[in-house]
$ cat target_14.tsv   # TSV, C-alpha atoms
chain	number	residue	atom	x	y	z
W	1	MET	CA	-73.07	-56.97	29.77
W	2	LYS	CA	-75.36	-58.78	27.34
W	3	THR	CA	-73.88	-62.22	27.96
W	4	GLY	CA	-73.90	-61.97	31.73
W	5	LYS	CA	-70.23	-63.00	31.71
W	6	GLY	CA	-67.12	-61.04	32.59
W	7	TYR	CA	-64.34	-60.09	30.19
W	8	GLU	CA	-61.99	-62.90	31.24
W	9	ALA	CA	-64.71	-65.57	30.99
W	10	LEU	CA	-65.58	-64.43	27.47
W	11	MET	CA	-61.91	-64.26	26.49
W	12	LYS	CA	-61.39	-67.87	27.64
W	13	GLU	CA	-64.61	-69.08	26.02
W	14	ARG	CA	-64.18	-67.36	22.66
W	15	ILE	CA	-60.44	-66.92	22.09
W	16	THR	CA	-57.92	-68.54	24.41
W	17	GLY	CA	-59.92	-71.75	24.93
W	18	PRO	CA	-60.44	-72.54	21.22
W	19	LEU	CA	-56.78	-71.72	20.52
W	20	GLY	CA	-55.48	-73.87	23.38
W	21	MET	CA	-53.90	-70.86	25.10
W	22	ASN	CA	-53.96	-72.39	28.58
W	23	ASP	CA	-51.32	-70.05	30.03
W	24	THR	CA	-53.18	-66.82	29.31
W	25	ALA	CA	-55.29	-65.13	31.99
W	26	ILE	CA	-56.19	-61.89	33.71
W	27	VAL	CA	-56.44	-63.25	37.25
W	28	LEU	CA	-53.39	-65.47	37.55
W	29	PRO	CA	-53.77	-68.82	39.27
W	30	PRO	CA	-50.91	-69.73	41.65
W	31	ALA	CA	-49.06	-71.85	39.06
W	32	LEU	CA	-48.91	-68.94	36.58
W	33	LYS	CA	-48.20	-66.37	39.30
W	34	GLU	CA	-45.04	-68.30	40.25
W	35	ARG	CA	-43.78	-68.01	36.65
W	36	LEU	CA	-44.57	-64.30	36.21
W	37	ALA	CA	-41.65	-62.18	35.05
W	38	HIS	CA	-41.69	-59.09	37.26
W	39	GLY	CA	-41.06	-55.64	35.87
W	40	HIS	CA	-38.40	-53.19	37.03
W	41	GLY	CA	-38.23	-49.40	37.09
W	42	GLU	CA	-35.63	-47.05	35.67
W	43	LYS	CA	-33.31	-47.63	38.62
W	44	LEU	CA	-33.74	-51.43	38.26
W	45	GLU	CA	-35.93	-51.62	41.37
W	46	PRO	CA	-38.84	-54.11	41.24
W	47	VAL	CA	-42.18	-52.49	40.45
W	48	GLY	CA	-45.71	-53.80	40.91
W	49	ASN	CA	-47.98	-55.04	38.17
W	50	TRP	CA	-50.66	-52.86	36.72
W	51	ASP	CA	-54.02	-54.42	37.46
W	52	LEU	CA	-56.57	-52.82	35.18
W	53	ASP	CA	-59.89	-53.86	36.68
W	54	VAL	CA	-62.20	-51.61	34.69
W	55	MET	CA	-60.12	-51.51	31.50
W	56	GLN	CA	-59.05	-55.14	31.24
W	57	GLY	CA	-59.04	-55.08	27.44
W	58	ALA	CA	-56.43	-52.31	27.55
W	59	GLY	CA	-53.67	-54.43	29.04
W	60	ALA	CA	-54.71	-56.70	31.88
W	61	ILE	CA	-54.13	-59.93	29.93
W	62	ARG	CA	-50.99	-61.87	30.90
W	63	SER	CA	-49.64	-64.61	28.70
W	64	THR	CA	-46.63	-66.77	27.94
W	65	VAL	CA	-44.57	-66.48	24.77
W	66	LYS	CA	-45.77	-69.95	23.76
W	67	ASP	CA	-49.41	-68.85	24.00
W	68	LEU	CA	-48.72	-65.61	22.14
W	69	LEU	CA	-47.11	-67.62	19.33
W	70	LYS	CA	-50.25	-69.80	19.14
W	71	TYR	CA	-52.33	-66.64	18.76
W	72	ALA	CA	-50.01	-65.13	16.14
W	73	ALA	CA	-49.90	-68.36	14.09
W	74	ALA	CA	-53.69	-68.61	14.10
W	75	GLN	CA	-54.13	-64.90	13.29
W	76	ALA	CA	-51.66	-65.13	10.38
W	77	GLY	CA	-53.29	-68.30	9.02
W	78	PHE	CA	-50.22	-70.47	9.67
W	79	ALA	CA	-52.12	-72.79	12.02
W	80	ASP	CA	-55.54	-74.35	11.59
W	81	SER	CA	-57.93	-72.57	13.92
W	82	PRO	CA	-61.62	-72.60	14.81
W	83	LEU	CA	-61.31	-68.80	14.68
W	84	ARG	CA	-60.11	-68.65	11.04
W	85	GLU	CA	-63.34	-67.03	9.81
W	86	SER	CA	-63.36	-64.46	12.64
W	87	PHE	CA	-59.70	-63.59	12.07
W	88	GLY	CA	-60.42	-63.17	8.35
W	89	MET	CA	-63.28	-60.77	9.08
W	90	ALA	CA	-61.07	-58.80	11.48
W	91	GLN	CA	-58.44	-58.40	8.77
W	92	GLU	CA	-60.81	-57.24	6.02
W	93	LEU	CA	-60.23	-53.76	4.69
W	94	LYS	CA	-63.18	-51.71	5.94
W	95	TYR	CA	-62.43	-48.39	4.25
W	96	PRO	CA	-60.89	-48.90	0.80
W	97	TRP	CA	-58.09	-46.51	0.00
W	98	ARG	CA	-58.14	-44.96	-3.46
W	99	LYS	CA	-55.18	-43.63	-5.39
W	100	GLY	CA	-54.78	-39.90	-4.83
W	101	GLU	CA	-56.61	-39.84	-1.48
W	102	PRO	CA	-54.72	-39.39	1.79
W	103	ALA	CA	-54.36	-42.53	3.86
W	104	LEU	CA	-56.49	-42.79	6.98
W	105	GLY	CA	-54.91	-40.96	9.87
W	106	SER	CA	-52.72	-38.68	7.74
$ encode --input "target_14.tsv" --output "structure tokens"
Amino acid sequence: MKTGKGYEALMKERITGPLGMNDTAIVLPPALKERLAHGHGEKLEPVGNWDLDVMQGAGAIRSTVKDLLKYAAAQAGFADSPLRESFGMAQELKYPWRKGEPALGS
């Protein structure tokens, strides 16, 4: 990795830290682990968490509703955010659609 940092360290440095998302992590500290809502299978039996070591960006992040609302408000522009410019760039249309052309993916 170019930065010499792991995925979670970069996530905290660049996203969750600036947004004040203090209850979002990949490796849960004891205080967050105690509050984790556990999943259940089709027969309502408790099931284990999926820990995605190699593919952390694909679903290893755990968060509270309050933190997710902070992210959504910042992403939508409803809350002032140090990431406003980055969110704007992420939302820019990269491939303009023209009338009469099929939409991407169709």
$ atom_distance --input "target_14.tsv" --atom1 "CA of Tyr71 in chain W" --atom2 "CA of Leu19 in chain W"
7.0 Å
$ residues_around --input "target_14.tsv" --residues "Ile15 in chain W" --least-positions-apart "3" --cutoff "12 Å" --atoms "all atoms listed in the file" --output "ChimeraX atom specification"
/W:7-12,18-22,24-25,67-68,70-71,74-75,81-84,86-87
$ closest_residue --input "target_14.tsv" --among "W:Arg35, W:Tyr95, W:Asp80, W:Ile26" --to "Met55 in chain W" --atoms "only C-alpha atoms"
W:Ile26
$ closest_residue --input "target_14.tsv" --among "W:Val54, W:Arg14, W:Leu93, W:Val65" --to "Ala37 in chain W" --atoms "only C-alpha atoms"
W:Val65
$ closest_residue --input "target_14.tsv" --among "W:Gly88, W:Lys99, W:Glu13, W:Gly6" --to "Asp53 in chain W" --atoms "only C-alpha atoms"
W:Gly6
$ atom_distance --input "target_14.tsv" --atom1 "CA of Val27 in chain W" --atom2 "CA of Ala60 in chain W"
8.6 Å
$ atom_distance --input "target_14.tsv" --atom1 "CA of Gly17 in chain W" --atom2 "CA of Lys33 in chain W"
19.3 Å
$ closest_residue --input "target_14.tsv" --among "W:Gly77, W:Leu36, W:Ala90, W:Lys5" --to "Asn49 in chain W" --atoms "all atoms listed in the file"
W:Leu36
$ axis_aligned_box --input "target_14.tsv" --around "range 55-62 of chain W" --padding-each-side "6 Å" --output "JSON"
{"center_x": -55.6, "center_y": -56.7, "center_z": 29.7, "size_x": 21.1, "size_y": 22.4, "size_z": 16.4}
$ closest_residue --input "target_14.tsv" --among "W:His40, W:Phe78, W:Trp50, W:Lys94" --to "Arg62 in chain W" --atoms "all atoms listed in the file"
W:Trp50
$ build_atoms --input "target_14.tsv" --residues "range 67-78 of chain W" --atoms "all heavy atoms" --output "short mmCIF file (atom, residue, chain, number, x, y, z; two decimals), in the coordinates of the input"
data_model
loop_
_atom_site.label_atom_id
_atom_site.label_comp_id
_atom_site.auth_asym_id
_atom_site.auth_seq_id
_atom_site.Cartn_x
_atom_site.Cartn_y
_atom_site.Cartn_z
N ASP W 67 -48.01 -69.16 24.30
CA ASP W 67 -49.41 -68.85 24.00
C ASP W 67 -49.52 -67.72 22.98
O ASP W 67 -50.37 -67.75 22.09
CB ASP W 67 -50.18 -68.48 25.27
CG ASP W 67 -50.79 -69.70 25.96
OD1 ASP W 67 -50.48 -70.84 25.56
OD2 ASP W 67 -51.58 -69.49 26.90
N LEU W 68 -48.68 -66.72 23.09
CA LEU W 68 -48.72 -65.61 22.14
C LEU W 68 -48.37 -66.09 20.73
O LEU W 68 -48.93 -65.62 19.74
CB LEU W 68 -47.77 -64.49 22.57
CG LEU W 68 -48.20 -63.74 23.83
CD1 LEU W 68 -47.12 -62.74 24.25
CD2 LEU W 68 -49.53 -63.03 23.61
N LEU W 69 -47.46 -67.05 20.63
CA LEU W 69 -47.11 -67.62 19.33
C LEU W 69 -48.28 -68.42 18.75
O LEU W 69 -48.50 -68.41 17.54
CB LEU W 69 -45.86 -68.47 19.42
CG LEU W 69 -44.56 -67.68 19.61
CD1 LEU W 69 -43.39 -68.62 19.89
CD2 LEU W 69 -44.27 -66.80 18.40
N LYS W 70 -49.05 -69.10 19.60
CA LYS W 70 -50.25 -69.80 19.14
C LYS W 70 -51.23 -68.80 18.54
O LYS W 70 -51.81 -69.03 17.48
CB LYS W 70 -50.93 -70.53 20.30
CG LYS W 70 -50.22 -71.76 20.79
CD LYS W 70 -50.98 -72.38 21.96
CE LYS W 70 -50.25 -73.55 22.56
NZ LYS W 70 -51.00 -74.13 23.70
N TYR W 71 -51.41 -67.67 19.24
CA TYR W 71 -52.33 -66.64 18.76
C TYR W 71 -51.84 -66.06 17.43
O TYR W 71 -52.60 -65.94 16.47
CB TYR W 71 -52.48 -65.53 19.79
CG TYR W 71 -53.41 -64.44 19.35
CD1 TYR W 71 -54.78 -64.56 19.55
CD2 TYR W 71 -52.94 -63.30 18.73
CE1 TYR W 71 -55.65 -63.57 19.13
CE2 TYR W 71 -53.80 -62.30 18.30
CZ TYR W 71 -55.16 -62.44 18.50
OH TYR W 71 -56.01 -61.46 18.07
N ALA W 72 -50.56 -65.72 17.36
CA ALA W 72 -50.01 -65.13 16.14
C ALA W 72 -50.11 -66.09 14.96
O ALA W 72 -50.45 -65.67 13.84
CB ALA W 72 -48.55 -64.72 16.37
N ALA W 73 -49.82 -67.37 15.17
CA ALA W 73 -49.90 -68.36 14.09
C ALA W 73 -51.33 -68.50 13.59
O ALA W 73 -51.57 -68.58 12.38
CB ALA W 73 -49.36 -69.70 14.57
N ALA W 74 -52.29 -68.50 14.50
CA ALA W 74 -53.69 -68.61 14.10
C ALA W 74 -54.14 -67.34 13.38
O ALA W 74 -54.81 -67.40 12.35
CB ALA W 74 -54.58 -68.86 15.32
N GLN W 75 -53.76 -66.18 13.89
CA GLN W 75 -54.13 -64.90 13.29
C GLN W 75 -53.56 -64.76 11.88
O GLN W 75 -54.21 -64.26 10.97
CB GLN W 75 -53.64 -63.76 14.19
CG GLN W 75 -53.97 -62.37 13.73
CD GLN W 75 -55.42 -62.00 13.87
OE1 GLN W 75 -56.12 -61.96 12.88
NE2 GLN W 75 -55.87 -61.72 15.07
N ALA W 76 -52.33 -65.25 11.68
CA ALA W 76 -51.66 -65.13 10.38
C ALA W 76 -52.09 -66.23 9.41
O ALA W 76 -51.72 -66.20 8.24
CB ALA W 76 -50.15 -65.18 10.57
N GLY W 77 -52.85 -67.22 9.89
CA GLY W 77 -53.29 -68.30 9.02
C GLY W 77 -52.27 -69.42 8.89
O GLY W 77 -52.41 -70.28 8.02
N PHE W 78 -51.24 -69.43 9.73
CA PHE W 78 -50.22 -70.47 9.67
C PHE W 78 -50.63 -71.73 10.41
O PHE W 78 -50.01 -72.77 10.26
CB PHE W 78 -48.89 -69.97 10.24
CG PHE W 78 -48.29 -68.83 9.47
CD1 PHE W 78 -47.63 -67.82 10.14
CD2 PHE W 78 -48.38 -68.75 8.10
CE1 PHE W 78 -47.07 -66.76 9.44
CE2 PHE W 78 -47.83 -67.70 7.38
CZ PHE W 78 -47.18 -66.70 8.06
#
